[in-house]
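What follows is the content of model16.tsv (TSV, C-alpha atoms).
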```tsv
chain	number	residue	atom	x	y	z
V	1	MET	CA	-100.01	16.44	-25.43
V	2	GLN	CA	-103.00	14.51	-24.18
V	3	LYS	CA	-105.58	17.30	-24.48
V	4	LEU	CA	-104.76	17.81	-28.16
V	5	LYS	CA	-104.75	14.06	-28.80
V	6	ASP	CA	-108.21	13.74	-27.25
V	7	ARG	CA	-109.55	16.51	-29.46
V	8	ILE	CA	-108.05	14.93	-32.59
V	9	LEU	CA	-109.59	11.57	-31.75
V	10	ASN	CA	-112.97	13.09	-30.88
V	11	GLU	CA	-113.31	15.77	-33.59
V	12	GLY	CA	-110.79	14.98	-36.33
V	13	LYS	CA	-112.28	13.90	-39.64
V	14	VAL	CA	-110.52	11.72	-42.15
V	15	PHE	CA	-110.79	12.46	-45.87
V	16	PRO	CA	-109.39	10.62	-48.91
V	17	GLY	CA	-105.71	11.30	-49.57
V	18	ASN	CA	-104.58	10.84	-45.97
V	19	ILE	CA	-106.11	14.16	-44.98
V	20	VAL	CA	-107.20	14.70	-41.39
V	21	LYS	CA	-109.31	17.79	-40.76
V	22	VAL	CA	-109.16	19.50	-37.40
V	23	ASP	CA	-111.17	22.51	-38.50
V	24	SER	CA	-113.22	22.69	-35.34
V	25	PHE	CA	-110.33	23.69	-33.06
V	26	LEU	CA	-107.12	24.29	-35.03
V	27	ASN	CA	-107.57	25.31	-38.68
V	28	HIS	CA	-110.71	27.33	-39.13
V	29	ARG	CA	-112.30	27.63	-35.72
V	30	LEU	CA	-109.55	28.18	-33.13
V	31	ASP	CA	-109.96	26.90	-29.58
V	32	THR	CA	-108.22	29.69	-27.68
V	33	GLN	CA	-107.62	27.83	-24.42
V	34	LEU	CA	-106.30	24.73	-26.19
V	35	LEU	CA	-103.99	26.82	-28.37
V	36	TYR	CA	-102.77	28.69	-25.30
V	37	GLU	CA	-101.77	25.40	-23.66
V	38	MET	CA	-100.25	24.10	-26.89
V	39	GLY	CA	-98.15	27.25	-27.15
V	40	GLN	CA	-97.09	26.84	-23.54
V	41	ALA	CA	-96.00	23.25	-24.15
V	42	ILE	CA	-93.92	24.22	-27.19
V	43	SER	CA	-92.46	27.22	-25.37
V	44	HIS	CA	-91.34	25.01	-22.46
V	45	ALA	CA	-89.70	22.51	-24.81
V	46	PHE	CA	-87.13	24.92	-26.27
V	47	PRO	CA	-84.62	27.52	-25.09
V	48	LYS	CA	-85.96	31.05	-25.59
V	49	PRO	CA	-85.59	32.11	-29.25
V	50	ASP	CA	-85.05	35.64	-30.56
V	51	VAL	CA	-87.88	35.24	-33.02
V	52	ILE	CA	-90.62	32.76	-33.91
V	53	LEU	CA	-91.02	32.10	-37.63
V	54	THR	CA	-94.20	30.66	-39.12
V	55	ILE	CA	-96.12	30.74	-42.40
V	56	GLU	CA	-99.50	32.26	-43.16
V	57	ALA	CA	-102.29	31.56	-42.48
V	58	SER	CA	-102.91	28.66	-40.14
V	59	GLY	CA	-99.51	28.75	-38.41
V	60	ILE	CA	-100.09	32.25	-37.06
V	61	ALA	CA	-102.42	31.38	-34.18
V	62	LEU	CA	-100.11	28.75	-32.65
V	63	ALA	CA	-97.08	30.98	-33.22
V	64	MET	CA	-98.74	33.85	-31.32
V	65	MET	CA	-99.81	31.55	-28.51
V	66	THR	CA	-96.24	30.28	-28.21
V	67	ALA	CA	-94.87	33.83	-28.38
V	68	ILE	CA	-96.85	35.20	-25.44
V	69	HIS	CA	-95.01	32.77	-23.15
V	70	GLY	CA	-91.87	34.89	-23.15
V	71	ASN	CA	-92.92	37.93	-25.20
V	72	ILE	CA	-91.13	36.84	-28.37
V	73	PRO	CA	-91.74	38.57	-31.72
V	74	VAL	CA	-93.36	36.51	-34.48
V	75	VAL	CA	-92.61	36.75	-38.19
V	76	PHE	CA	-94.94	35.05	-40.62
V	77	ALA	CA	-93.61	34.22	-44.06
V	78	LYS	CA	-95.88	35.34	-46.87
V	79	LYS	CA	-97.12	33.00	-49.55
V	80	GLY	CA	-97.64	33.72	-53.22
V	81	SER	CA	-95.99	35.86	-55.84
V	82	SER	CA	-94.64	38.75	-53.90
V	83	LYS	CA	-94.05	42.21	-55.27
V	84	LEU	CA	-90.97	42.35	-53.08
V	85	LYS	CA	-87.75	42.31	-55.06
V	86	GLU	CA	-84.95	39.92	-54.29
V	87	GLN	CA	-82.89	42.64	-52.64
V	88	ASP	CA	-85.77	43.31	-50.23
V	89	ALA	CA	-86.80	39.78	-49.24
V	90	TYR	CA	-85.53	36.27	-48.69
V	91	GLN	CA	-87.49	34.01	-51.01
V	92	THR	CA	-87.77	30.30	-51.63
V	93	GLN	CA	-90.02	27.85	-53.49
V	94	VAL	CA	-92.22	25.43	-51.57
V	95	HIS	CA	-94.08	22.50	-53.08
V	96	SER	CA	-97.54	21.81	-51.71
V	97	THR	CA	-98.17	18.09	-52.02
V	98	THR	CA	-101.85	18.46	-51.07
V	99	LYS	CA	-102.52	20.95	-53.85
V	100	ASP	CA	-99.66	19.81	-56.14
V	101	VAL	CA	-98.46	23.35	-56.79
V	102	ASP	CA	-95.27	25.30	-56.12
V	103	PHE	CA	-95.52	28.65	-54.41
V	104	THR	CA	-93.11	31.36	-53.34
V	105	VAL	CA	-92.54	31.99	-49.64
V	106	SER	CA	-90.85	35.19	-48.56
V	107	VAL	CA	-89.71	37.17	-45.54
V	108	ALA	CA	-88.60	40.79	-45.75
V	109	ARG	CA	-84.88	41.00	-44.99
V	110	PRO	CA	-85.10	43.32	-41.96
V	111	PHE	CA	-87.20	40.74	-40.09
V	112	LEU	CA	-84.66	37.90	-40.06
V	113	LEU	CA	-81.23	38.94	-38.85
V	114	LYS	CA	-77.85	37.28	-38.88
V	115	ASN	CA	-77.17	35.05	-35.84
V	116	GLN	CA	-80.76	35.28	-34.54
V	117	LYS	CA	-82.01	32.15	-32.83
V	118	VAL	CA	-85.18	31.13	-34.67
V	119	LEU	CA	-87.95	28.77	-33.54
V	120	ILE	CA	-90.10	27.54	-36.44
V	121	ILE	CA	-93.78	26.85	-35.71
V	122	ASP	CA	-96.43	25.32	-37.95
V	123	ASP	CA	-99.76	23.57	-37.49
V	124	PHE	CA	-99.06	20.49	-39.63
V	125	LEU	CA	-95.94	18.56	-40.57
V	126	ALA	CA	-96.40	16.18	-43.49
V	127	HIS	CA	-93.66	15.91	-46.13
V	128	GLY	CA	-91.85	18.80	-44.47
V	129	GLU	CA	-91.88	21.08	-47.52
V	130	ALA	CA	-93.09	24.18	-45.65
V	131	VAL	CA	-90.67	23.72	-42.75
V	132	PHE	CA	-87.69	23.12	-45.04
V	133	GLY	CA	-88.72	26.21	-47.00
V	134	LEU	CA	-88.71	28.27	-43.80
V	135	MET	CA	-85.35	26.76	-42.84
V	136	ASP	CA	-83.98	27.85	-46.20
V	137	LEU	CA	-85.08	31.45	-45.46
V	138	VAL	CA	-83.34	31.28	-42.08
V	139	LYS	CA	-80.18	29.97	-43.75
V	140	GLN	CA	-80.24	32.77	-46.33
V	141	ALA	CA	-80.39	35.24	-43.43
V	142	GLN	CA	-77.43	33.50	-41.74
V	143	ALA	CA	-79.62	32.98	-38.71
V	144	GLU	CA	-79.93	29.75	-36.73
V	145	VAL	CA	-82.86	27.33	-36.38
V	146	ILE	CA	-82.97	26.20	-32.75
V	147	GLY	CA	-85.96	23.94	-33.27
V	148	VAL	CA	-89.31	23.19	-34.87
V	149	GLY	CA	-92.61	23.07	-32.98
V	150	ILE	CA	-95.57	21.38	-34.67
V	151	ALA	CA	-99.15	20.81	-33.62
V	152	VAL	CA	-99.88	17.67	-35.65
V	153	GLU	CA	-97.24	15.53	-37.33
V	154	LYS	CA	-98.24	12.94	-39.90
V	155	GLY	CA	-95.92	10.22	-38.65
V	156	PHE	CA	-96.47	8.07	-41.74
V	157	LEU	CA	-94.95	10.76	-43.99
V	158	GLU	CA	-91.28	11.67	-44.13
V	159	GLY	CA	-91.22	15.26	-42.77
V	160	GLY	CA	-90.47	14.30	-39.17
V	161	GLN	CA	-87.77	11.83	-40.15
V	162	ARG	CA	-86.12	14.37	-42.46
V	163	LEU	CA	-85.86	16.81	-39.56
V	164	ARG	CA	-84.55	14.19	-37.13
V	165	ASP	CA	-82.01	13.04	-39.74
V	166	ALA	CA	-80.85	16.66	-40.02
V	167	HIS	CA	-80.52	16.81	-36.18
V	168	ILE	CA	-83.10	19.58	-35.89
V	169	PRO	CA	-84.83	19.44	-32.48
V	170	LEU	CA	-88.49	18.67	-33.26
V	171	VAL	CA	-91.46	18.75	-30.91
V	172	SER	CA	-94.77	17.49	-32.32
V	173	LEU	CA	-97.63	17.79	-29.84
V	174	ALA	CA	-99.47	14.92	-31.53
V	175	ILE	CA	-98.34	12.36	-34.09
V	176	VAL	CA	-100.85	10.65	-36.37
V	177	ASP	CA	-99.51	7.24	-37.27
V	178	ASP	CA	-102.32	5.92	-39.41
V	179	LEU	CA	-105.45	7.14	-41.17
V	180	SER	CA	-106.44	4.00	-43.04
V	181	GLU	CA	-110.08	2.90	-43.15
V	182	GLY	CA	-111.12	6.35	-41.96
V	183	ARG	CA	-109.77	5.73	-38.45
V	184	ILE	CA	-107.26	7.97	-36.70
V	185	THR	CA	-104.44	6.16	-34.89
V	186	LEU	CA	-102.13	8.30	-32.76
V	187	ARG	CA	-98.64	7.42	-31.57
U	1	MET	CA	-104.37	53.71	-28.19
U	2	GLN	CA	-101.25	55.80	-27.68
U	3	LYS	CA	-98.71	52.99	-27.88
U	4	LEU	CA	-100.01	51.89	-31.28
U	5	LYS	CA	-100.16	55.49	-32.51
U	6	ASP	CA	-96.52	56.03	-31.52
U	7	ARG	CA	-95.45	52.91	-33.42
U	8	ILE	CA	-97.39	53.97	-36.53
U	9	LEU	CA	-95.78	57.41	-36.45
U	10	ASN	CA	-92.29	56.00	-35.81
U	11	GLU	CA	-92.31	52.93	-38.07
U	12	GLY	CA	-95.18	53.31	-40.55
U	13	LYS	CA	-94.14	53.81	-44.16
U	14	VAL	CA	-96.26	55.58	-46.73
U	15	PHE	CA	-96.48	54.24	-50.29
U	16	PRO	CA	-98.30	55.57	-53.37
U	17	GLY	CA	-102.03	54.84	-53.42
U	18	ASN	CA	-102.66	55.89	-49.81
U	19	ILE	CA	-100.98	52.75	-48.51
U	20	VAL	CA	-99.42	52.80	-45.06
U	21	LYS	CA	-97.20	49.83	-44.22
U	22	VAL	CA	-96.89	48.69	-40.63
U	23	ASP	CA	-95.02	45.50	-41.50
U	24	SER	CA	-92.55	45.82	-38.65
U	25	PHE	CA	-95.11	45.22	-35.87
U	26	LEU	CA	-98.55	44.35	-37.27
U	27	ASN	CA	-98.58	42.74	-40.73
U	28	HIS	CA	-95.49	40.64	-41.28
U	29	ARG	CA	-93.47	40.91	-38.10
U	30	LEU	CA	-95.84	40.80	-35.11
U	31	ASP	CA	-94.97	42.63	-31.90
U	32	THR	CA	-96.39	40.21	-29.35
U	33	GLN	CA	-96.58	42.58	-26.38
U	34	LEU	CA	-98.15	45.37	-28.44
U	35	LEU	CA	-100.72	42.98	-29.92
U	36	TYR	CA	-101.50	41.64	-26.44
U	37	GLU	CA	-102.29	45.15	-25.25
U	38	MET	CA	-104.25	45.95	-28.40
U	39	GLY	CA	-106.34	42.83	-27.88
U	40	GLN	CA	-106.90	43.81	-24.27
U	41	ALA	CA	-108.09	47.29	-25.30
U	42	ILE	CA	-110.56	45.86	-27.82
U	43	SER	CA	-111.73	43.20	-25.37
U	44	HIS	CA	-112.48	45.86	-22.73
U	45	ALA	CA	-114.44	47.97	-25.21
U	46	PHE	CA	-117.16	45.39	-25.90
U	47	PRO	CA	-119.46	43.05	-23.98
U	48	LYS	CA	-118.14	39.47	-24.07
U	49	PRO	CA	-119.01	37.83	-27.41
U	50	ASP	CA	-119.68	34.12	-28.06
U	51	VAL	CA	-117.22	34.11	-30.90
U	52	ILE	CA	-114.64	36.38	-32.56
U	53	LEU	CA	-114.75	36.41	-36.35
U	54	THR	CA	-111.81	37.55	-38.47
U	55	ILE	CA	-110.37	36.91	-41.92
U	56	GLU	CA	-107.11	35.24	-42.87
U	57	ALA	CA	-104.25	36.01	-42.69
U	58	SER	CA	-103.36	39.25	-40.97
U	59	GLY	CA	-106.50	39.48	-38.81
U	60	ILE	CA	-105.69	36.24	-37.01
U	61	ALA	CA	-103.02	37.54	-34.64
U	62	LEU	CA	-105.11	40.42	-33.27
U	63	ALA	CA	-108.17	38.16	-33.05
U	64	MET	CA	-106.25	35.61	-30.95
U	65	MET	CA	-104.83	38.33	-28.73
U	66	THR	CA	-108.34	39.67	-28.15
U	67	ALA	CA	-109.69	36.17	-27.56
U	68	ILE	CA	-107.32	35.27	-24.73
U	69	HIS	CA	-108.86	38.04	-22.64
U	70	GLY	CA	-111.94	35.99	-21.87
U	71	ASN	CA	-111.14	32.66	-23.51
U	72	ILE	CA	-113.34	33.23	-26.55
U	73	PRO	CA	-113.18	30.97	-29.63
U	74	VAL	CA	-111.97	32.53	-32.88
U	75	VAL	CA	-113.21	31.71	-36.36
U	76	PHE	CA	-111.24	32.96	-39.32
U	77	ALA	CA	-113.04	33.24	-42.63
U	78	LYS	CA	-111.16	31.67	-45.52
U	79	LYS	CA	-110.32	33.51	-48.69
U	80	GLY	CA	-110.30	32.22	-52.22
U	81	SER	CA	-112.26	29.71	-54.21
U	82	SER	CA	-113.29	27.17	-51.64
U	83	LYS	CA	-114.01	23.54	-52.34
U	84	LEU	CA	-116.78	23.79	-49.76
U	85	LYS	CA	-120.22	23.53	-51.26
U	86	GLU	CA	-122.91	26.07	-50.54
U	87	GLN	CA	-124.73	23.68	-48.22
U	88	ASP	CA	-121.56	23.38	-46.13
U	89	ALA	CA	-120.43	26.99	-45.86
U	90	TYR	CA	-121.66	30.57	-45.74
U	91	GLN	CA	-120.04	32.40	-48.63
U	92	THR	CA	-119.89	35.95	-49.88
U	93	GLN	CA	-117.93	38.03	-52.40
U	94	VAL	CA	-115.52	40.69	-51.22
U	95	HIS	CA	-113.90	43.32	-53.43
U	96	SER	CA	-110.28	44.18	-52.67
U	97	THR	CA	-109.75	47.79	-53.67
U	98	THR	CA	-105.98	47.54	-53.18
U	99	LYS	CA	-105.66	44.63	-55.60
U	100	ASP	CA	-108.82	45.42	-57.63
U	101	VAL	CA	-110.06	41.82	-57.53
U	102	ASP	CA	-113.11	40.05	-56.10
U	103	PHE	CA	-112.60	37.03	-53.92
U	104	THR	CA	-114.81	34.56	-52.11
U	105	VAL	CA	-114.87	34.56	-48.32
U	106	SER	CA	-116.37	31.59	-46.50
U	107	VAL	CA	-117.07	30.15	-43.07
U	108	ALA	CA	-118.16	26.55	-42.54
U	109	ARG	CA	-121.75	26.51	-41.26
U	110	PRO	CA	-121.09	24.71	-37.95
U	111	PHE	CA	-118.78	27.53	-36.83
U	112	LEU	CA	-121.33	30.37	-36.93
U	113	LEU	CA	-124.54	29.58	-35.09
U	114	LYS	CA	-127.93	31.25	-34.95
U	115	ASN	CA	-128.19	33.95	-32.25
U	116	GLN	CA	-124.47	33.89	-31.42
U	117	LYS	CA	-123.02	37.25	-30.45
U	118	VAL	CA	-120.14	37.93	-32.83
U	119	LEU	CA	-117.28	40.40	-32.47
U	120	ILE	CA	-115.55	41.12	-35.79
U	121	ILE	CA	-111.82	41.87	-35.71
U	122	ASP	CA	-109.52	42.99	-38.50
U	123	ASP	CA	-106.18	44.73	-38.77
U	124	PHE	CA	-107.18	47.44	-41.28
U	125	LEU	CA	-110.43	49.23	-42.09
U	126	ALA	CA	-110.38	51.09	-45.40
U	127	HIS	CA	-113.45	50.97	-47.66
U	128	GLY	CA	-115.00	48.41	-45.34
U	129	GLU	CA	-115.34	45.66	-47.93
U	130	ALA	CA	-113.87	42.89	-45.76
U	131	VAL	CA	-115.87	43.84	-42.67
U	132	PHE	CA	-119.15	44.11	-44.60
U	133	GLY	CA	-118.37	40.73	-46.15
U	134	LEU	CA	-117.90	39.22	-42.69
U	135	MET	CA	-121.12	40.91	-41.55
U	136	ASP	CA	-122.93	39.29	-44.47
U	137	LEU	CA	-121.70	35.85	-43.32
U	138	VAL	CA	-122.96	36.59	-39.79
U	139	LYS	CA	-126.33	37.65	-41.21
U	140	GLN	CA	-126.59	34.47	-43.28
U	141	ALA	CA	-126.03	32.49	-40.07
U	142	GLN	CA	-128.76	34.53	-38.30
U	143	ALA	CA	-126.17	35.49	-35.72
U	144	GLU	CA	-125.65	39.01	-34.36
U	145	VAL	CA	-122.71	41.41	-34.80
U	146	ILE	CA	-122.12	43.13	-31.46
U	147	GLY	CA	-119.26	45.24	-32.73
U	148	VAL	CA	-116.17	45.68	-34.86
U	149	GLY	CA	-112.65	46.05	-33.48
U	150	ILE	CA	-109.96	47.42	-35.82
U	151	ALA	CA	-106.27	48.11	-35.37
U	152	VAL	CA	-105.85	50.87	-37.97
U	153	GLU	CA	-108.73	52.74	-39.60
U	154	LYS	CA	-108.10	54.86	-42.66
U	155	GLY	CA	-110.25	57.78	-41.58
U	156	PHE	CA	-110.16	59.38	-45.02
U	157	LEU	CA	-111.94	56.38	-46.58
U	158	GLU	CA	-115.59	55.51	-46.06
U	159	GLY	CA	-115.43	52.19	-44.14
U	160	GLY	CA	-115.69	53.73	-40.68
U	161	GLN	CA	-118.51	56.04	-41.68
U	162	ARG	CA	-120.44	53.18	-43.30
U	163	LEU	CA	-120.29	51.24	-40.02
U	164	ARG	CA	-121.26	54.25	-37.91
U	165	ASP	CA	-124.16	54.99	-40.30
U	166	ALA	CA	-125.30	51.39	-39.81
U	167	HIS	CA	-125.12	51.87	-36.00
U	168	ILE	CA	-122.49	49.13	-35.61
U	169	PRO	CA	-120.30	49.81	-32.54
U	170	LEU	CA	-116.80	50.39	-33.91
U	171	VAL	CA	-113.55	50.67	-32.02
U	172	SER	CA	-110.48	51.64	-34.05
U	173	LEU	CA	-107.30	51.71	-31.97
U	174	ALA	CA	-105.74	54.26	-34.34
U	175	ILE	CA	-107.23	56.38	-37.10
U	176	VAL	CA	-105.06	57.66	-39.93
U	177	ASP	CA	-106.56	60.91	-41.21
U	178	ASP	CA	-104.09	61.82	-43.89
U	179	LEU	CA	-101.20	60.30	-45.83
U	180	SER	CA	-100.52	63.09	-48.30
U	181	GLU	CA	-96.95	64.13	-49.07
U	182	GLY	CA	-95.72	60.90	-47.49
U	183	ARG	CA	-96.56	62.10	-43.99
U	184	ILE	CA	-98.81	60.19	-41.57
U	185	THR	CA	-101.36	62.31	-39.70
U	186	LEU	CA	-103.32	60.54	-36.97
U	187	ARG	CA	-106.66	61.67	-35.49
```
Could you render the structure as structure tokens?
Amino acid sequence: MQKLKDRILNEGKVFPGNIVKVDSFLNHRLDTQLLYEMGQAISHAFPKPDVILTIEASGIALAMMTAIHGNIPVVFAKKGSSKLKEQDAYQTQVHSTTKDVDFTVSVARPFLLKNQKVLIIDDFLAHGEAVFGLMDLVKQAQAEVIGVGIAVEKGFLEGGQRLRDAHIPLVSLAIVDDLSEGRITLR
Amino acid sequence: MQKLKDRILNEGKVFPGNIVKVDSFLNHRLDTQLLYEMGQAISHAFPKPDVILTIEASGIALAMMTAIHGNIPVVFAKKGSSKLKEQDAYQTQVHSTTKDVDFTVSVARPFLLKNQKVLIIDDFLAHGEAVFGLMDLVKQAQAEVIGVGIAVEKGFLEGGQRLRDAHIPLVSLAIVDDLSEGRITLR
């Protein structure tokens, strides 16, 4: 998506550890019009799902902006040690490579139903840990992942390839191919 | 807002400690159409702000749905110990009464500017700690709070009164007046 690519090139900031910050429009300050168009692009790329699944906090905005194109409910998985018991929630462990910690991700059972068609949305795709965690929750619920919509994929990490290898339809609105020497190169 | 009130009465669940859970449409599963209309109601109740300020995670959806009625940027304050240094971010301490812990709330300085008109949005208003924390960040930035929009106010706690005493325009789409004996009474 050209508009997003332009913003990444103009405003994205590169930090050590292959981190690209897009705080000014996607992760901290949210550009409403841009997110609306990003949601529209993702919405057009997939058949209509029964539910959109994302993860708090920074996936919520894009999920909502995708959901309004078709009035689809959104469920956001909760991070951290939940007080929910196993009989009340689907739970899985996700490893955060950036922070090098494991955390629990959970969705209350009534909000993911058997045979529902689920579209997974997140802002970033790097190693794919968060998305595969969400896919595990969908599997536990015996629901079906119809696709994954991502704002920014780090094309030099394996998350995208893992999804393609698993034949999961993936739409990344922008793919960063290189961040070396502090310069952002997009695909 | 009648539609929200009906959902609270039909789906809200009361837990010990004056907690009312609205997970099925506002806090975990998000009812997109309802949130769209809630955002519209809040948007119509205030003059157009320069920026909408909320706090991660559960304020983000309502903030976005308010923001699309007028294409207003959203900034969500981040919780937890931030790596941002004081010269980079406005920071304040917020006490969570529910969890009985203090946490840091921060906004990067470039995203709150002097003299900006700021509309604060959050899902719940109880003791008012989160909203007064956000107001402190706005004050540090020498910006101006034009109002506070809330989904559910707990009318039996002091947050709403504190805001009214401070002459801050407050719009709560639903006010819970009583939760005793497991029954929800709305104003």
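Take CA of Gln91 in chain V and CA of Asp23 in chain U: the distance between them is 16.7 Å.
Rounded to one decimal, CA of Leu113 in chain U and CA of Gly12 in chain V lie 20.1 Å from each other.
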Would you list which chain V residues are within 7 Å of chain U using all atoms listed in the file, as a CSV table (one decimal) with C-alpha atoms, in the coordinates of the input?
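After the write, iface.csv holds the following:
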```csv
chain,number,residue,atom,x,y,z
V,28,HIS,CA,-110.7,27.3,-39.1
V,29,ARG,CA,-112.3,27.6,-35.7
V,30,LEU,CA,-109.6,28.2,-33.1
V,31,ASP,CA,-110.0,26.9,-29.6
V,32,THR,CA,-108.2,29.7,-27.7
V,33,GLN,CA,-107.6,27.8,-24.4
V,56,GLU,CA,-99.5,32.3,-43.2
V,57,ALA,CA,-102.3,31.6,-42.5
V,60,ILE,CA,-100.1,32.2,-37.1
V,61,ALA,CA,-102.4,31.4,-34.2
V,64,MET,CA,-98.7,33.8,-31.3
V,67,ALA,CA,-94.9,33.8,-28.4
V,68,ILE,CA,-96.8,35.2,-25.4
V,71,ASN,CA,-92.9,37.9,-25.2
V,72,ILE,CA,-91.1,36.8,-28.4
V,73,PRO,CA,-91.7,38.6,-31.7
V,74,VAL,CA,-93.4,36.5,-34.5
V,75,VAL,CA,-92.6,36.8,-38.2
V,76,PHE,CA,-94.9,35.0,-40.6
V,111,PHE,CA,-87.2,40.7,-40.1
```
| query | So which residues touch Thr92 in chain U within 9 Å, counting all atoms listed in the file, skipping near sequence neighbours fewer than 2 positions away, as a PyMOL selection string? | reply | chain U and resi 90+94+103-106+133-134+136-137
Skipping near chain neighbours, those fewer than 3 positions away, what residues fall within 8 Å of Val145 in chain V using all atoms listed in the file, listed as a compact mmCIF listing (two decimals) with C-alpha atoms, keeping the file's coordinate frame?
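Everything below was put into around_25.txt:
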```
# COMPACT_ATOMS: atom_id res chain seq x y z
CA LYS V 117 -82.01 32.15 -32.83
CA VAL V 118 -85.18 31.13 -34.67
CA LEU V 119 -87.95 28.77 -33.54
CA ILE V 120 -90.10 27.54 -36.44
CA MET V 135 -85.35 26.76 -42.84
CA VAL V 138 -83.34 31.28 -42.08
CA VAL V 148 -89.31 23.19 -34.87
CA ILE V 168 -83.10 19.58 -35.89
```
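Using only C-alpha atoms, the residues found no farther than 9 Å from range 150-166 of chain U, other than those of its own chain fewer than 4 positions away, are U:Leu4, U:Leu26, U:Met38, U:Ile42, U:Leu62, U:Ile120, U:Ile121, U:Asp122, U:Asp123, U:Phe124, U:Leu125, U:Ala126, U:His127, U:Gly128, U:Glu129, U:Val131, U:Phe132, U:Leu170, U:Val171, U:Ser172, U:Leu173, U:Ala174, U:Ile175, U:Val176, U:Asp177, U:Asp178, U:Leu186, U:Arg187.
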| request: Report the distance between CA of Ile184 in chain V and CA of Val14 in chain V in Å, rounded to one decimal place. | output: 7.4 Å
Could you check which residues have any atom within 12 Å of (-118.5, 48.2, -24.2), counting all atoms listed in the file with coordinates taken straight from the file, and then list them as a PDB file with C-alpha atoms, keeping the file's coordinate frame?
```
ATOM      1  CA  ALA U  41    -108.090  47.290 -25.300  1.00  0.00           C
ATOM      2  CA  ILE U  42    -110.560  45.860 -27.820  1.00  0.00           C
ATOM      3  CA  SER U  43    -111.730  43.200 -25.370  1.00  0.00           C
ATOM      4  CA  HIS U  44    -112.480  45.860 -22.730  1.00  0.00           C
ATOM      5  CA  ALA U  45    -114.440  47.970 -25.210  1.00  0.00           C
ATOM      6  CA  PHE U  46    -117.160  45.390 -25.900  1.00  0.00           C
ATOM      7  CA  PRO U  47    -119.460  43.050 -23.980  1.00  0.00           C
ATOM      8  CA  LYS U  48    -118.140  39.470 -24.070  1.00  0.00           C
ATOM      9  CA  PRO U  49    -119.010  37.830 -27.410  1.00  0.00           C
ATOM     10  CA  LEU U 119    -117.280  40.400 -32.470  1.00  0.00           C
ATOM     11  CA  ILE U 146    -122.120  43.130 -31.460  1.00  0.00           C
ATOM     12  CA  GLY U 147    -119.260  45.240 -32.730  1.00  0.00           C
ATOM     13  CA  VAL U 148    -116.170  45.680 -34.860  1.00  0.00           C
ATOM     14  CA  GLY U 149    -112.650  46.050 -33.480  1.00  0.00           C
ATOM     15  CA  PRO U 169    -120.300  49.810 -32.540  1.00  0.00           C
ATOM     16  CA  LEU U 170    -116.800  50.390 -33.910  1.00  0.00           C
ATOM     17  CA  VAL U 171    -113.550  50.670 -32.020  1.00  0.00           C
TER      18      VAL U 171
END
```
